[in-house]
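Printed here is upload-v3.cif (mmCIF, C-alpha atoms; chains and numbers go by the auth columns):
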data_my_file
loop_
_atom_site.group_PDB
_atom_site.id
_atom_site.type_symbol
_atom_site.label_atom_id
_atom_site.label_comp_id
_atom_site.label_asym_id
_atom_site.label_seq_id
_atom_site.Cartn_x
_atom_site.Cartn_y
_atom_site.Cartn_z
_atom_site.B_iso_or_equiv
_atom_site.auth_seq_id
_atom_site.auth_asym_id
ATOM 1 C CA MET A 1 51.462 343.677 90.994 0.00 95 A
ATOM 2 C CA GLY A 2 54.145 344.061 93.650 0.00 96 A
ATOM 3 C CA VAL A 3 56.708 346.832 93.613 0.00 97 A
ATOM 4 C CA GLY A 4 60.327 345.694 93.750 0.00 98 A
ATOM 5 C CA VAL A 5 62.542 347.464 96.291 0.00 99 A
ATOM 6 C CA MET A 6 66.291 347.459 95.843 0.00 100 A
ATOM 7 C CA PRO A 7 68.133 347.162 99.148 0.00 101 A
ATOM 8 C CA ILE A 8 70.709 349.913 99.695 0.00 102 A
ATOM 9 C CA ALA A 9 73.792 347.906 100.449 0.00 103 A
ATOM 10 C CA THR A 10 76.073 350.815 101.378 0.00 104 A
ATOM 11 C CA VAL A 11 74.106 352.010 104.422 0.00 105 A
ATOM 12 C CA GLN A 12 76.155 351.112 107.528 0.00 106 A
ATOM 13 C CA GLN A 13 74.451 349.442 110.416 0.00 107 A
ATOM 14 C CA PRO A 14 74.949 351.352 113.687 0.00 108 A
ATOM 15 C CA ARG A 15 77.608 349.835 115.907 0.00 109 A
ATOM 16 C CA PRO A 16 76.225 347.688 118.674 0.00 110 A
ATOM 17 C CA ARG A 17 76.053 349.439 122.026 0.00 111 A
ATOM 18 C CA THR A 18 78.650 347.271 123.767 0.00 112 A
ATOM 19 C CA MET A 19 81.161 347.787 120.951 0.00 113 A
ATOM 20 C CA ARG A 20 80.900 351.568 121.285 0.00 114 A
ATOM 21 C CA ARG A 21 81.186 351.353 125.065 0.00 115 A
ATOM 22 C CA THR A 22 84.345 349.243 124.740 0.00 116 A
ATOM 23 C CA LEU A 23 85.787 351.625 122.132 0.00 117 A
ATOM 24 C CA TYR A 24 85.329 354.681 124.373 0.00 118 A
ATOM 25 C CA ALA A 25 86.680 352.778 127.381 0.00 119 A
ATOM 26 C CA ARG A 26 89.781 351.916 125.341 0.00 120 A
ATOM 27 C CA ARG A 27 90.218 355.527 124.192 0.00 121 A
ATOM 28 C CA GLY A 28 89.915 356.649 127.828 0.00 122 A
ATOM 29 C CA LEU A 29 92.496 354.061 128.855 0.00 123 A
ATOM 30 C CA GLN A 30 94.857 355.345 126.153 0.00 124 A
ATOM 31 C CA ALA A 31 94.489 358.970 127.348 0.00 125 A
ATOM 32 C CA ALA A 32 94.976 358.008 130.997 0.00 126 A
ATOM 33 C CA ALA A 33 97.907 355.712 130.207 0.00 127 A
ATOM 34 C CA SER A 34 99.572 358.578 128.289 0.00 128 A
ATOM 35 C CA ALA A 35 99.230 360.902 131.302 0.00 129 A
ATOM 36 C CA ILE A 36 100.522 358.209 133.689 0.00 130 A
ATOM 37 C CA CYS A 37 103.479 357.405 131.386 0.00 131 A
ATOM 38 C CA PHE A 38 104.241 361.138 131.166 0.00 132 A
ATOM 39 C CA LEU A 39 104.241 361.617 134.945 0.00 133 A
ATOM 40 C CA VAL A 40 106.245 358.448 135.658 0.00 134 A
ATOM 41 C CA GLY A 41 108.698 359.101 132.781 0.00 135 A
ATOM 42 C CA TYR A 42 109.243 362.704 133.878 0.00 136 A
ATOM 43 C CA SER A 43 109.787 361.580 137.499 0.00 137 A
ATOM 44 C CA ALA A 44 112.338 358.969 136.400 0.00 138 A
ATOM 45 C CA LEU A 45 114.218 361.473 134.222 0.00 139 A
ATOM 46 C CA GLN A 46 114.082 364.029 137.038 0.00 140 A
ATOM 47 C CA MET A 47 115.676 361.567 139.460 0.00 141 A
ATOM 48 C CA LEU A 48 118.367 360.682 136.918 0.00 142 A
ATOM 49 C CA HIS A 49 119.040 364.414 136.483 0.00 143 A
ATOM 50 C CA ALA A 50 119.259 364.909 140.259 0.00 144 A
ATOM 51 C CA PHE A 51 121.935 362.170 140.414 0.00 145 A
ATOM 52 C CA GLY A 52 123.779 363.690 137.427 0.00 146 A
ATOM 53 C CA ARG A 53 122.993 360.764 135.124 0.00 147 A
ATOM 54 C CA ASP A 54 120.995 362.386 132.311 0.00 148 A
ATOM 55 C CA PRO A 55 120.673 359.962 129.362 0.00 149 A
ATOM 56 C CA TYR A 56 122.501 361.183 126.219 0.00 150 A
ATOM 57 C CA ALA A 57 119.324 360.900 124.120 0.00 151 A
ATOM 58 C CA VAL A 58 117.535 363.278 126.507 0.00 152 A
ATOM 59 C CA LYS A 59 120.447 365.747 126.597 0.00 153 A
ATOM 60 C CA ALA A 60 120.452 365.830 122.805 0.00 154 A
ATOM 61 C CA LEU A 61 116.834 367.022 122.653 0.00 155 A
ATOM 62 C CA SER A 62 117.489 370.506 124.053 0.00 156 A
ATOM 63 C CA SER A 63 120.292 372.483 125.680 0.00 157 A
ATOM 64 C CA ILE A 64 117.886 373.432 128.485 0.00 158 A
ATOM 65 C CA PRO A 65 117.461 370.347 130.755 0.00 159 A
ATOM 66 C CA LEU A 66 113.863 371.211 131.720 0.00 160 A
ATOM 67 C CA PHE A 67 112.763 371.393 128.070 0.00 161 A
ATOM 68 C CA ALA A 68 114.724 368.225 127.251 0.00 162 A
ATOM 69 C CA ARG A 69 112.958 366.290 130.033 0.00 163 A
ATOM 70 C CA LEU A 70 109.597 367.706 128.941 0.00 164 A
ATOM 71 C CA LEU A 71 110.144 366.633 125.321 0.00 165 A
ATOM 72 C CA ALA A 72 111.467 363.197 126.301 0.00 166 A
ATOM 73 C CA SER A 73 108.508 362.550 128.618 0.00 167 A
ATOM 74 C CA GLY A 74 106.167 363.720 125.861 0.00 168 A
ATOM 75 C CA PHE A 75 107.700 361.204 123.447 0.00 169 A
ATOM 76 C CA ILE A 76 107.454 358.410 126.047 0.00 170 A
ATOM 77 C CA ALA A 77 103.804 359.261 126.750 0.00 171 A
ATOM 78 C CA GLY A 78 102.916 359.675 123.066 0.00 172 A
ATOM 79 C CA ILE A 79 104.270 356.230 122.202 0.00 173 A
ATOM 80 C CA LEU A 80 103.716 354.071 125.292 0.00 174 A
ATOM 81 C CA GLY A 81 100.301 355.445 126.321 0.00 175 A
ATOM 82 C CA PRO A 82 98.340 354.592 123.159 0.00 176 A
ATOM 83 C CA ILE A 83 100.081 351.186 122.860 0.00 177 A
ATOM 84 C CA THR A 84 99.343 350.287 126.492 0.00 178 A
ATOM 85 C CA GLY A 85 95.719 351.379 126.131 0.00 179 A
ATOM 86 C CA ALA A 86 95.361 349.388 122.909 0.00 180 A
ATOM 87 C CA VAL A 87 96.748 346.067 124.180 0.00 181 A
ATOM 88 C CA VAL A 88 95.134 345.951 127.629 0.00 182 A
ATOM 89 C CA PRO A 89 92.341 343.325 127.725 0.00 183 A
ATOM 90 C CA GLU A 90 88.889 344.092 129.177 0.00 184 A
ATOM 91 C CA PRO A 91 89.170 347.901 128.896 0.00 185 A
ATOM 92 C CA GLU A 92 85.884 348.609 130.704 0.00 186 A
ATOM 93 C CA ARG A 93 87.033 346.736 133.818 0.00 187 A
ATOM 94 C CA ARG A 94 90.534 348.252 133.676 0.00 188 A
ATOM 95 C CA LEU A 95 89.046 351.745 133.372 0.00 189 A
ATOM 96 C CA ARG A 96 87.870 351.431 136.989 0.00 190 A
ATOM 97 C CA TRP A 97 91.537 351.183 138.054 0.00 191 A
ATOM 98 C CA ILE A 98 92.449 354.488 136.411 0.00 192 A
ATOM 99 C CA PRO A 99 91.488 356.952 139.193 0.00 193 A
ATOM 100 C CA ARG A 100 93.618 355.071 141.736 0.00 194 A
ATOM 101 C CA THR A 101 96.557 354.566 139.331 0.00 195 A
ATOM 102 C CA LEU A 102 96.445 358.220 138.279 0.00 196 A
ATOM 103 C CA GLY A 103 96.364 359.232 141.951 0.00 197 A
ATOM 104 C CA ILE A 104 99.461 357.114 142.655 0.00 198 A
ATOM 105 C CA ALA A 105 101.273 358.640 139.637 0.00 199 A
ATOM 106 C CA ILE A 106 100.398 362.192 140.814 0.00 200 A
ATOM 107 C CA THR A 107 101.647 361.406 144.348 0.00 201 A
ATOM 108 C CA LEU A 108 104.886 359.950 142.940 0.00 202 A
ATOM 109 C CA PHE A 109 105.397 363.000 140.720 0.00 203 A
ATOM 110 C CA VAL A 110 104.824 365.500 143.555 0.00 204 A
ATOM 111 C CA ALA A 111 107.118 363.510 145.883 0.00 205 A
ATOM 112 C CA VAL A 112 109.930 363.409 143.279 0.00 206 A
ATOM 113 C CA SER A 113 109.480 367.119 142.394 0.00 207 A
ATOM 114 C CA VAL A 114 109.641 368.140 146.052 0.00 208 A
ATOM 115 C CA GLY A 115 112.399 365.703 147.035 0.00 209 A
ATOM 116 C CA PHE A 116 114.648 365.998 143.968 0.00 210 A
ATOM 117 C CA PRO A 117 114.169 369.537 142.502 0.00 211 A
ATOM 118 C CA MET B 1 113.147 389.440 122.986 0.00 25 B
ATOM 119 C CA SER B 2 113.481 392.890 124.602 0.00 26 B
ATOM 120 C CA ALA B 3 113.698 393.262 128.388 0.00 27 B
ATOM 121 C CA LEU B 4 110.397 395.143 128.481 0.00 28 B
ATOM 122 C CA VAL B 5 108.556 392.349 126.645 0.00 29 B
ATOM 123 C CA VAL B 6 110.075 389.708 128.935 0.00 30 B
ATOM 124 C CA ARG B 7 109.131 391.679 132.072 0.00 31 B
ATOM 125 C CA SER B 8 105.577 392.217 130.812 0.00 32 B
ATOM 126 C CA LEU B 9 105.242 388.540 129.923 0.00 33 B
ATOM 127 C CA GLN B 10 106.483 387.603 133.390 0.00 34 B
ATOM 128 C CA HIS B 11 103.770 389.705 135.077 0.00 35 B
ATOM 129 C CA VAL B 12 101.033 388.349 132.812 0.00 36 B
ATOM 130 C CA HIS B 13 102.365 384.794 133.363 0.00 37 B
ATOM 131 C CA GLY B 14 102.035 385.217 137.136 0.00 38 B
ATOM 132 C CA HIS B 15 98.490 386.550 136.994 0.00 39 B
ATOM 133 C CA VAL B 16 97.237 384.070 134.389 0.00 40 B
ATOM 134 C CA GLY B 17 98.892 381.280 136.406 0.00 41 B
ATOM 135 C CA TRP B 18 96.715 382.049 139.428 0.00 42 B
ATOM 136 C CA LEU B 19 93.660 382.309 137.181 0.00 43 B
ATOM 137 C CA ALA B 20 94.529 378.895 135.707 0.00 44 B
ATOM 138 C CA ALA B 21 94.839 377.361 139.190 0.00 45 B
ATOM 139 C CA LEU B 22 91.372 378.645 140.096 0.00 46 B
ATOM 140 C CA ALA B 23 89.915 377.670 136.720 0.00 47 B
ATOM 141 C CA LEU B 24 91.243 374.096 137.119 0.00 48 B
ATOM 142 C CA ALA B 25 89.702 373.835 140.588 0.00 49 B
ATOM 143 C CA HIS B 26 86.267 374.635 139.098 0.00 50 B
ATOM 144 C CA PRO B 27 85.807 371.425 137.016 0.00 51 B
ATOM 145 C CA ALA B 28 87.417 369.431 139.847 0.00 52 B
ATOM 146 C CA VAL B 29 84.739 370.657 142.265 0.00 53 B
ATOM 147 C CA LEU B 30 81.914 370.157 139.769 0.00 54 B
ATOM 148 C CA LEU B 31 83.080 366.641 138.847 0.00 55 B
ATOM 149 C CA ARG B 32 82.556 365.348 142.387 0.00 56 B
ATOM 150 C CA ARG B 33 79.381 364.175 140.643 0.00 57 B
ATOM 151 C CA PRO B 34 81.200 362.354 137.811 0.00 58 B
ATOM 152 C CA GLU B 35 78.266 362.228 135.399 0.00 59 B
ATOM 153 C CA ARG B 36 77.893 365.991 135.262 0.00 60 B
ATOM 154 C CA ARG B 37 78.608 367.830 131.985 0.00 61 B
ATOM 155 C CA VAL B 38 81.189 370.589 132.630 0.00 62 B
ATOM 156 C CA PHE B 39 82.911 370.826 129.259 0.00 63 B
ATOM 157 C CA GLY B 40 83.040 374.661 129.226 0.00 64 B
ATOM 158 C CA ALA B 41 84.756 374.876 132.624 0.00 65 B
ATOM 159 C CA ALA B 42 87.138 372.033 131.724 0.00 66 B
ATOM 160 C CA LEU B 43 88.065 373.667 128.418 0.00 67 B
ATOM 161 C CA ALA B 44 88.571 377.106 130.042 0.00 68 B
ATOM 162 C CA GLY B 45 90.890 375.675 132.711 0.00 69 B
ATOM 163 C CA THR B 46 92.891 373.706 130.154 0.00 70 B
ATOM 164 C CA VAL B 47 93.265 376.687 127.800 0.00 71 B
ATOM 165 C CA LEU B 48 94.388 378.949 130.657 0.00 72 B
ATOM 166 C CA VAL B 49 96.997 376.489 131.941 0.00 73 B
ATOM 167 C CA THR B 50 98.273 375.955 128.375 0.00 74 B
ATOM 168 C CA VAL B 51 98.624 379.720 127.789 0.00 75 B
ATOM 169 C CA THR B 52 100.436 380.039 131.147 0.00 76 B
ATOM 170 C CA ALA B 53 102.816 377.217 130.240 0.00 77 B
ATOM 171 C CA LEU B 54 103.547 378.732 126.812 0.00 78 B
ATOM 172 C CA MET B 55 104.352 382.110 128.383 0.00 79 B
ATOM 173 C CA GLY B 56 106.523 380.390 130.990 0.00 80 B
ATOM 174 C CA ALA B 57 108.417 378.552 128.250 0.00 81 B
ATOM 175 C CA LEU B 58 108.978 381.870 126.423 0.00 82 B
ATOM 176 C CA ILE B 59 110.488 383.640 129.447 0.00 83 B
ATOM 177 C CA TYR B 60 112.387 380.635 130.890 0.00 84 B
ATOM 178 C CA PRO B 61 115.578 381.094 128.781 0.00 85 B
ATOM 179 C CA SER B 62 115.836 384.772 129.911 0.00 86 B
ATOM 180 C CA TYR B 63 115.219 383.785 133.543 0.00 87 B
ATOM 181 C CA ARG B 64 117.844 381.045 133.269 0.00 88 B
ATOM 182 C CA ALA B 65 120.462 383.482 131.974 0.00 89 B
ATOM 183 C CA ALA B 66 119.679 386.582 134.074 0.00 90 B
ATOM 184 C CA VAL B 67 117.988 385.602 137.337 0.00 91 B
ATOM 185 C CA LYS B 68 118.728 381.951 138.155 0.00 92 B
ATOM 186 C CA PRO B 69 122.488 382.366 138.859 0.00 93 B
ATOM 187 C CA VAL B 70 121.809 385.394 141.116 0.00 94 B
ATOM 188 C CA ILE B 71 119.086 383.593 143.080 0.00 95 B
ATOM 189 C CA PHE B 72 121.136 380.386 143.472 0.00 96 B
ATOM 190 C CA SER B 73 124.185 382.301 144.717 0.00 97 B
ATOM 191 C CA ALA B 74 122.188 384.400 147.219 0.00 98 B
ATOM 192 C CA ALA B 75 119.342 382.067 148.279 0.00 99 B
ATOM 193 C CA PRO B 76 119.585 378.480 147.000 0.00 100 B
ATOM 194 C CA THR B 77 116.336 377.521 148.780 0.00 101 B
ATOM 195 C CA ILE B 78 114.408 380.040 146.672 0.00 102 B
ATOM 196 C CA GLY B 79 116.193 378.802 143.537 0.00 103 B
ATOM 197 C CA LEU B 80 115.201 375.209 144.298 0.00 104 B
ATOM 198 C CA LEU B 81 111.639 376.369 144.983 0.00 105 B
ATOM 199 C CA PHE B 82 111.562 377.811 141.469 0.00 106 B
ATOM 200 C CA GLU B 83 112.740 374.479 140.019 0.00 107 B
ATOM 201 C CA ARG B 84 110.002 372.643 141.972 0.00 108 B
ATOM 202 C CA LYS B 85 107.396 375.110 140.703 0.00 109 B
ATOM 203 C CA GLU B 86 108.430 374.408 137.104 0.00 110 B
ATOM 204 C CA HIS B 87 107.953 370.642 137.524 0.00 111 B
ATOM 205 C CA LEU B 88 104.561 371.109 139.183 0.00 112 B
ATOM 206 C CA GLY B 89 103.473 373.400 136.340 0.00 113 B
ATOM 207 C CA VAL B 90 104.362 370.664 133.842 0.00 114 B
ATOM 208 C CA ALA B 91 102.220 368.186 135.830 0.00 115 B
ATOM 209 C CA ALA B 92 99.278 370.628 135.876 0.00 116 B
ATOM 210 C CA LEU B 93 99.485 370.977 132.095 0.00 117 B
ATOM 211 C CA ALA B 94 99.612 367.212 131.424 0.00 118 B
ATOM 212 C CA LEU B 95 96.809 366.431 133.885 0.00 119 B
ATOM 213 C CA ALA B 96 94.542 369.178 132.554 0.00 120 B
ATOM 214 C CA TRP B 97 94.783 367.793 129.006 0.00 121 B
ATOM 215 C CA CYS B 98 94.196 364.258 130.309 0.00 122 B
ATOM 216 C CA GLY B 99 91.144 365.435 132.273 0.00 123 B
ATOM 217 C CA LEU B 100 89.744 367.267 129.256 0.00 124 B
ATOM 218 C CA ALA B 101 90.174 364.183 127.045 0.00 125 B
ATOM 219 C CA MET B 102 88.504 361.917 129.640 0.00 126 B
ATOM 220 C CA HIS B 103 85.625 364.331 130.151 0.00 127 B
ATOM 221 C CA GLY B 104 85.137 364.742 126.396 0.00 128 B
ATOM 222 C CA LEU B 105 85.006 360.949 125.974 0.00 129 B
ATOM 223 C CA ALA B 106 82.668 360.526 128.956 0.00 130 B
ATOM 224 C CA HIS B 107 79.926 362.489 127.210 0.00 131 B
ATOM 225 C CA ARG B 108 79.990 360.593 123.927 0.00 132 B
ATOM 226 C CA ARG B 109 76.896 358.494 123.314 0.00 133 B
ATOM 227 C CA GLU B 110 76.995 355.177 125.189 0.00 134 B
ATOM 228 C CA ALA B 111 80.414 355.803 126.727 0.00 135 B
ATOM 229 C CA PRO B 112 81.115 354.438 130.237 0.00 136 B
ATOM 230 C CA ARG B 113 80.269 357.882 131.644 0.00 137 B
ATOM 231 C CA ARG B 114 80.706 357.205 135.338 0.00 138 B
ATOM 232 C CA ASP B 115 84.178 355.609 135.127 0.00 139 B
ATOM 233 C CA LEU B 116 85.511 358.197 132.665 0.00 140 B
ATOM 234 C CA GLY B 117 84.002 361.000 134.782 0.00 141 B
ATOM 235 C CA ARG B 118 85.755 359.680 137.891 0.00 142 B
ATOM 236 C CA ALA B 119 89.087 359.585 136.063 0.00 143 B
ATOM 237 C CA ALA B 120 88.490 363.163 134.796 0.00 144 B
ATOM 238 C CA PHE B 121 87.774 364.250 138.385 0.00 145 B
ATOM 239 C CA VAL B 122 91.094 362.815 139.623 0.00 146 B
ATOM 240 C CA ALA B 123 92.969 364.427 136.698 0.00 147 B
ATOM 241 C CA PHE B 124 91.436 367.882 137.292 0.00 148 B
ATOM 242 C CA ALA B 125 91.865 367.652 141.079 0.00 149 B
ATOM 243 C CA GLY B 126 95.549 366.763 140.557 0.00 150 B
ATOM 244 C CA ALA B 127 95.962 369.548 138.001 0.00 151 B
ATOM 245 C CA ALA B 128 94.383 372.119 140.353 0.00 152 B
ATOM 246 C CA PHE B 129 96.583 370.958 143.250 0.00 153 B
ATOM 247 C CA ALA B 130 99.781 371.084 141.156 0.00 154 B
ATOM 248 C CA ALA B 131 98.829 374.471 139.629 0.00 155 B
ATOM 249 C CA THR B 132 98.116 375.981 143.057 0.00 156 B
ATOM 250 C CA LEU B 133 101.471 374.773 144.420 0.00 157 B
ATOM 251 C CA ALA B 134 103.222 376.084 141.289 0.00 158 B
ATOM 252 C CA ALA B 135 101.499 379.482 141.506 0.00 159 B
ATOM 253 C CA THR B 136 102.384 379.788 145.214 0.00 160 B
ATOM 254 C CA GLY B 137 106.018 378.895 144.492 0.00 161 B
ATOM 255 C CA GLY B 138 106.125 381.404 141.637 0.00 162 B
ATOM 256 C CA LEU B 139 104.710 384.136 143.863 0.00 163 B
ATOM 257 C CA ILE B 140 107.345 383.524 146.551 0.00 164 B
ATOM 258 C CA VAL B 141 110.167 383.572 143.984 0.00 165 B
ATOM 259 C CA ALA B 142 108.784 386.734 142.324 0.00 166 B
ATOM 260 C CA CYS B 143 108.604 388.470 145.733 0.00 167 B
ATOM 261 C CA TYR B 144 112.282 387.628 146.237 0.00 168 B
ATOM 262 C CA ARG B 145 113.529 388.564 142.771 0.00 169 B
ATOM 263 C CA SER B 146 112.141 388.949 139.266 0.00 170 B
ATOM 264 C CA LEU B 147 113.378 389.849 135.777 0.00 171 B
#
Output the file's structure as structure tokens, nothing else.
Amino acid sequence: MGVGVMPIATVQQPRPRTMRRTLYARRGLQAAASAICFLVGYSALQMLHAFGRDPYAVKALSSIPLFARLLASGFIAGILGPITGAVVPEPERRLRWIPRTLGIAITLFVAVSVGFP
Amino acid sequence: MSALVVRSLQHVHGHVGWLAALALAHPAVLLRRPERRVFGAALAGTVLVTVTALMGALIYPSYRAAVKPVIFSAAPTIGLLFERKEHLGVAALALAWCGLAMHGLAHRREAPRRDLGRAAFVAFAGAAFAATLAATGGLIVACYRSL
């Protein structure tokens, strides 16, 4: 007489390898995009400040301009970075662009900081 | 905050800032081989730069009220150097956290380790560069005038 075995339906199958790879690539893209948005946003706000054209929304964040720019760039990065990382197609291929793009953002930031203190 | 506390914080901020610059250079050097696991060094550098930034943010309002006007009236170049140092410190902080996140993701199972490791290398190298420039600027300003 055979023994009946009830299948356990709730056990989750492990995610396929490629799906996990894509997920981590997308998370990496989101982190890198946040950093790039922060650096570019801060540089843009810094240039506006140097020309005396601080946006009202940024001024309202703090009475100290440095802290206001920091908070505003943080908001920009916190919103735009994850969205950009989430909507970009082919995250594994795009991830290869990150070192160069991050390098360009760092160069831009240093140039703006030195040129427009 | 009392003047003594602010002065003490300023000294600690300067020393920890140099430590942070060195600590951020460590993962950058190690990650020349992007698949290497250097989570301890990456975490130490990131924590140190975060502590430095927090101390800097605590003493900045006092500096702005007491020292900045004096420096700008006597030596505007030094005053502008201080402003540049602040921006570079912000970049070091952001890049260190980005590098830590990328490195943490790189060592998850089946993650694209090489590409994430390369991105973490660029982030830590940028953070170390910005932190070193910021620490040098801070040292020059502190030699000229401090709280």
Residues near region 80-85 of chain B, cut-off 12 Å, only C-alpha atoms, skip fewer than 5 positions along chain, as an NGL selection string: (:A and (156-161 or 164)) or (:B and (25-41 or 73-75 or 90-92 or 106-107 or 109-111 or 113-114 or 117 or 158-159 or 162 or 170-171))
Give the padded box for region 156-162 of chain A as lines of an AutoDock Vina configuration file: axis-aligned, covering all atoms listed in the file, 6 Å on each side, centre and edge lengths in Å to one decimal.
center_x = 116.5
center_y = 370.8
center_z = 127.9
size_x = 19.5
size_y = 17.2
size_z = 19.7
Evaluate the PyMOL selection byres ((chain B) within 10 of (chain A)) against this structure - the residues, as a PDB file with C-alpha atoms, in the coordinates of the input, please.
ATOM      1  CA  ALA B  81     108.417 378.552 128.250  1.00  0.00           C
ATOM      2  CA  TYR B  84     112.387 380.635 130.890  1.00  0.00           C
ATOM      3  CA  PRO B  85     115.578 381.094 128.781  1.00  0.00           C
ATOM      4  CA  ARG B  88     117.844 381.045 133.269  1.00  0.00           C
ATOM      5  CA  GLY B 103     116.193 378.802 143.537  1.00  0.00           C
ATOM      6  CA  LEU B 104     115.201 375.209 144.298  1.00  0.00           C
ATOM      7  CA  LEU B 105     111.639 376.369 144.983  1.00  0.00           C
ATOM      8  CA  PHE B 106     111.562 377.811 141.469  1.00  0.00           C
ATOM      9  CA  GLU B 107     112.740 374.479 140.019  1.00  0.00           C
ATOM     10  CA  ARG B 108     110.002 372.643 141.972  1.00  0.00           C
ATOM     11  CA  LYS B 109     107.396 375.110 140.703  1.00  0.00           C
ATOM     12  CA  GLU B 110     108.430 374.408 137.104  1.00  0.00           C
ATOM     13  CA  HIS B 111     107.953 370.642 137.524  1.00  0.00           C
ATOM     14  CA  LEU B 112     104.561 371.109 139.183  1.00  0.00           C
ATOM     15  CA  VAL B 114     104.362 370.664 133.842  1.00  0.00           C
ATOM     16  CA  ALA B 115     102.220 368.186 135.830  1.00  0.00           C
ATOM     17  CA  ALA B 116      99.278 370.628 135.876  1.00  0.00           C
ATOM     18  CA  ALA B 118      99.612 367.212 131.424  1.00  0.00           C
ATOM     19  CA  LEU B 119      96.809 366.431 133.885  1.00  0.00           C
ATOM     20  CA  ALA B 120      94.542 369.178 132.554  1.00  0.00           C
ATOM     21  CA  TRP B 121      94.783 367.793 129.006  1.00  0.00           C
ATOM     22  CA  CYS B 122      94.196 364.258 130.309  1.00  0.00           C
ATOM     23  CA  GLY B 123      91.144 365.435 132.273  1.00  0.00           C
ATOM     24  CA  LEU B 124      89.744 367.267 129.256  1.00  0.00           C
ATOM     25  CA  ALA B 125      90.174 364.183 127.045  1.00  0.00           C
ATOM     26  CA  MET B 126      88.504 361.917 129.640  1.00  0.00           C
ATOM     27  CA  HIS B 127      85.625 364.331 130.151  1.00  0.00           C
ATOM     28  CA  GLY B 128      85.137 364.742 126.396  1.00  0.00           C
ATOM     29  CA  LEU B 129      85.006 360.949 125.974  1.00  0.00           C
ATOM     30  CA  ALA B 130      82.668 360.526 128.956  1.00  0.00           C
ATOM     31  CA  HIS B 131      79.926 362.489 127.210  1.00  0.00           C
ATOM     32  CA  ARG B 132      79.990 360.593 123.927  1.00  0.00           C
ATOM     33  CA  ARG B 133      76.896 358.494 123.314  1.00  0.00           C
ATOM     34  CA  GLU B 134      76.995 355.177 125.189  1.00  0.00           C
ATOM     35  CA  ALA B 135      80.414 355.803 126.727  1.00  0.00           C
ATOM     36  CA  PRO B 136      81.115 354.438 130.237  1.00  0.00           C
ATOM     37  CA  ARG B 137      80.269 357.882 131.644  1.00  0.00           C
ATOM     38  CA  ARG B 138      80.706 357.205 135.338  1.00  0.00           C
ATOM     39  CA  ASP B 139      84.178 355.609 135.127  1.00  0.00           C
ATOM     40  CA  LEU B 140      85.511 358.197 132.665  1.00  0.00           C
ATOM     41  CA  GLY B 141      84.002 361.000 134.782  1.00  0.00           C
ATOM     42  CA  ARG B 142      85.755 359.680 137.891  1.00  0.00           C
ATOM     43  CA  ALA B 143      89.087 359.585 136.063  1.00  0.00           C
ATOM     44  CA  ALA B 144      88.490 363.163 134.796  1.00  0.00           C
ATOM     45  CA  PHE B 145      87.774 364.250 138.385  1.00  0.00           C
ATOM     46  CA  VAL B 146      91.094 362.815 139.623  1.00  0.00           C
ATOM     47  CA  ALA B 147      92.969 364.427 136.698  1.00  0.00           C
ATOM     48  CA  ALA B 149      91.865 367.652 141.079  1.00  0.00           C
ATOM     49  CA  GLY B 150      95.549 366.763 140.557  1.00  0.00           C
ATOM     50  CA  ALA B 151      95.962 369.548 138.001  1.00  0.00           C
ATOM     51  CA  PHE B 153      96.583 370.958 143.250  1.00  0.00           C
ATOM     52  CA  ALA B 154      99.781 371.084 141.156  1.00  0.00           C
ATOM     53  CA  LEU B 157     101.471 374.773 144.420  1.00  0.00           C
TER      54      LEU B 157
END
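CA of Ile95 (chain B) sits 7.5 Å away from CA of Arg169 (chain B).
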Atomic distance CA of Ile198 (chain A) - CA of Cys131 (chain A), expressed in Å with one decimal: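 Between CA of Ile198 (chain A) and CA of Cys131 (chain A) the gap works out to 12.0 Å.
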CA of Thr76 (chain B) to CA of Thr160 (chain B), distance in Å rounded to a single decimal: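 These two atoms are separated by 14.2 Å.
The nearest approach to Ala77 (chain B) among the residues B:Ala152, B:Gly64, B:Ala44, B:Leu54, with only C-alpha atoms taken into account, belongs to B:Ala44.
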As an mmCIF file, in the coordinates of the input, the rebuilt region 201-208 of chain A with N, CA and C atoms:
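The file below, rebuild_24.cif, is the result:
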data_model
loop_
_atom_site.group_PDB
_atom_site.id
_atom_site.type_symbol
_atom_site.label_atom_id
_atom_site.label_comp_id
_atom_site.auth_asym_id
_atom_site.auth_seq_id
_atom_site.Cartn_x
_atom_site.Cartn_y
_atom_site.Cartn_z
ATOM 1 N N THR A 201 100.932 361.394 143.064
ATOM 2 C CA THR A 201 101.647 361.406 144.348
ATOM 3 C C THR A 201 103.146 361.203 144.121
ATOM 4 N N LEU A 202 103.473 360.232 143.245
ATOM 5 C CA LEU A 202 104.886 359.950 142.940
ATOM 6 C C LEU A 202 105.543 361.197 142.339
ATOM 7 N N PHE A 203 104.850 361.821 141.402
ATOM 8 C CA PHE A 203 105.397 363.000 140.720
ATOM 9 C C PHE A 203 105.655 364.131 141.715
ATOM 10 N N VAL A 204 104.675 364.403 142.582
ATOM 11 C CA VAL A 204 104.824 365.500 143.555
ATOM 12 C C VAL A 204 105.973 365.167 144.513
ATOM 13 N N ALA A 205 106.057 363.904 144.952
ATOM 14 C CA ALA A 205 107.118 363.510 145.883
ATOM 15 C C ALA A 205 108.494 363.695 145.235
ATOM 16 N N VAL A 206 108.638 363.274 143.968
ATOM 17 C CA VAL A 206 109.930 363.409 143.279
ATOM 18 C C VAL A 206 110.255 364.891 143.042
ATOM 19 N N SER A 207 109.244 365.685 142.652
ATOM 20 C CA SER A 207 109.480 367.119 142.394
ATOM 21 C C SER A 207 109.914 367.837 143.667
ATOM 22 N N VAL A 208 109.306 367.473 144.789
ATOM 23 C CA VAL A 208 109.641 368.140 146.052
ATOM 24 C C VAL A 208 110.975 367.610 146.592
#
